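Following: one structure in structure tokens, then a few remarks.
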Amino acid sequence: MNTQPRPVYVIGGGPGGLAVAAALRGRGVRAVVVEKADAVGASWRRHYERLHLHTTRRLSALPGLAIPRRFGRWVARADVVRYLEKYAEFHELELITGVEVHRIEPAADGTGWTLYAGGGRELAAGAVVIATGFNHTPRLPDWPGRETFTGRLVHAADYREAGPYAGQDVLVVGAGNTGAEIAVDLAEGGAARVRLAVRTAPHIVRRSTLGWPAQRTGILVRHLPVRLVDRLGALVARTSVPDLSAYGLPRPGTGLYSRVREGAIPVQDVGLIDAVKAGRVLPVAAVEGFEGDEVLLADGSRITPDAVIAATGYARGLEPLVGHLGVLDDRGRPTAHVPHSPAGAPGLYFVGYTNPISGMFRELALDAQKLARALAREARGTRGSRVRG
């Protein structure tokens, strides 16, 4: 009879999944990472070339391995991939790549979980950590006329660099960090005209002020009262960010931290302010629909861009995997946060499904350690019960 405990299966080989696996291994708990792509860091491999971490190198390391100093303060996309590859190698993580888990069910014997994966595989898990990523499934609004638009329409997930858009009239939809950065990339990369469709004016913050990164401020204020942080944010904005209302980008009507609590992270300025002031990026009204080769905007105007890049966000994409278990809210988000399991689903955990103001990588590292401590205690308790029995 096999008395070996079933491993913890970690679904997703991105930073969250790797951090959890390493933290568990460091506490003597066997963890197996299952990744549907052929290599770790799949989402970072697909991101646009210009992307850098918006958090500092020192505050973005995962448990047990610093990010190399040669990668600089703001780590580039390609270097993030290199770091994740090295991280898995350094910690000697147990990886299964090229296999997608498509459904999770409670084990038939009432303890643990069964993972149903590609190729007819069934994996027996003592516990499951789902870390498939915050940016999982590209979300494209069902705009009227979208299907018959004769121009080029792509999601930001399919944008790599500005070269293919040189000399073109491009509309970027969505003024979050991704949309703002792609708009700047296009303007600097030779697009003939770049417009940025804005539904709700974003909060813009300087990535760093006199050497002090915005991330450190986010860490300091994260647990302060929302109204206080809103007031502080407004004061900082007035002193460090120019009023762009004359250029079509007014200051937001709601507080910075109030917006964060609703899921809207401030836009870190990596060139947007200068590009808007110089007229290289032109803010316009939100997109309402399409008609032939025209894009219909909320102010009643019509434009005819050559290409539309929709930086309209992502869905978590968890419904096929665990939607039947009653562990998601009405927006498809997990109902429990590390180190807790959802009610009625002991041994099922979710990592990386918030977008914190204090930095995603930093919070992933902290959550991985919290979860590893909890699972290690549980494993010790289980072994003790077996010995006593």
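In the structure tokens, chains take the letters A, B, ... in the order shown, each chain's residues start at 1, and ligands count up from 1 in the order shown.
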Find the residues of range 235-319 of chain A that sit at most 9 Å from range 136-146 of chain A; for each, write down the nearest two atoms and how far apart they are in Å, to one decimal. Count only C-alpha atoms. Sort by chain, then by number going up, and give it as JSON lines.
```
{"residue": "A:Val287", "atom": "CA", "partner": "A:Trp143", "partner_atom": "CA", "distance": 8.1}
{"residue": "A:Glu288", "atom": "CA", "partner": "A:Trp143", "partner_atom": "CA", "distance": 6.6}
{"residue": "A:Gly289", "atom": "CA", "partner": "A:Pro144", "partner_atom": "CA", "distance": 4.8}
{"residue": "A:Phe290", "atom": "CA", "partner": "A:Gly145", "partner_atom": "CA", "distance": 4.6}
{"residue": "A:Glu291", "atom": "CA", "partner": "A:Gly145", "partner_atom": "CA", "distance": 5.6}
{"residue": "A:Gly292", "atom": "CA", "partner": "A:Gly145", "partner_atom": "CA", "distance": 7.7}
{"residue": "A:Ala310", "atom": "CA", "partner": "A:Leu140", "partner_atom": "CA", "distance": 7.0}
{"residue": "A:Ala311", "atom": "CA", "partner": "A:Leu140", "partner_atom": "CA", "distance": 8.5}
{"residue": "A:Thr312", "atom": "CA", "partner": "A:Arg139", "partner_atom": "CA", "distance": 6.2}
{"residue": "A:Gly313", "atom": "CA", "partner": "A:Arg139", "partner_atom": "CA", "distance": 5.6}
{"residue": "A:Tyr314", "atom": "CA", "partner": "A:Pro138", "partner_atom": "CA", "distance": 4.4}
{"residue": "A:Ala315", "atom": "CA", "partner": "A:Thr137", "partner_atom": "CA", "distance": 5.0}
{"residue": "A:Arg316", "atom": "CA", "partner": "A:His136", "partner_atom": "CA", "distance": 5.4}
{"residue": "A:Gly317", "atom": "CA", "partner": "A:Thr137", "partner_atom": "CA", "distance": 5.8}
{"residue": "A:Leu318", "atom": "CA", "partner": "A:His136", "partner_atom": "CA", "distance": 8.9}
```
Per DSSP on the backbone, what are the strand (DSSP E) residues of range 52-194 of chain A, as a PyMOL selection string?
chain A and resi 94-97+101-106+113-117+122-125+127-130+137-138+152-155+169-173+193-194
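Those residues that approach Val226 in chain A to within 10 Å, counting only C-alpha atoms, are Leu232, Gly255, Leu256, Tyr257, Ser258, Arg259, Val260 and Arg261 of chain A; same-chain residues fewer than 6 positions away are not listed.
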Contacts of Ala21 in chain A at 7 Å (only C-alpha atoms; same-chain gap of 5+ positions) as JSON, numbers by chain:
{"A": [10, 31, 33, 93]}
Can those selected residues be exported to a file as an mmCIF file, in the first residue's frame so that it contains C-alpha atoms?
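What landed in out.cif:
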```cif
data_model
loop_
_atom_site.group_PDB
_atom_site.id
_atom_site.type_symbol
_atom_site.label_atom_id
_atom_site.label_comp_id
_atom_site.auth_asym_id
_atom_site.auth_seq_id
_atom_site.Cartn_x
_atom_site.Cartn_y
_atom_site.Cartn_z
ATOM 1 C CA VAL A 10 0.418 23.872 -8.581
ATOM 2 C CA ALA A 31 5.051 20.364 -5.065
ATOM 3 C CA VAL A 33 3.977 22.496 -11.181
ATOM 4 C CA LEU A 93 11.347 22.547 -9.202
#
```
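The neighbours of range 340-348 of chain A here are the residues that come within 8 Å of it, using only C-alpha atoms and leaving out any residue fewer than 4 positions away in the same chain; they are Gly112, Gly126, Ala127, Val128, Val129, Ile130, Leu325, Val327, Pro334, Thr335 and Ala336 of chain A.
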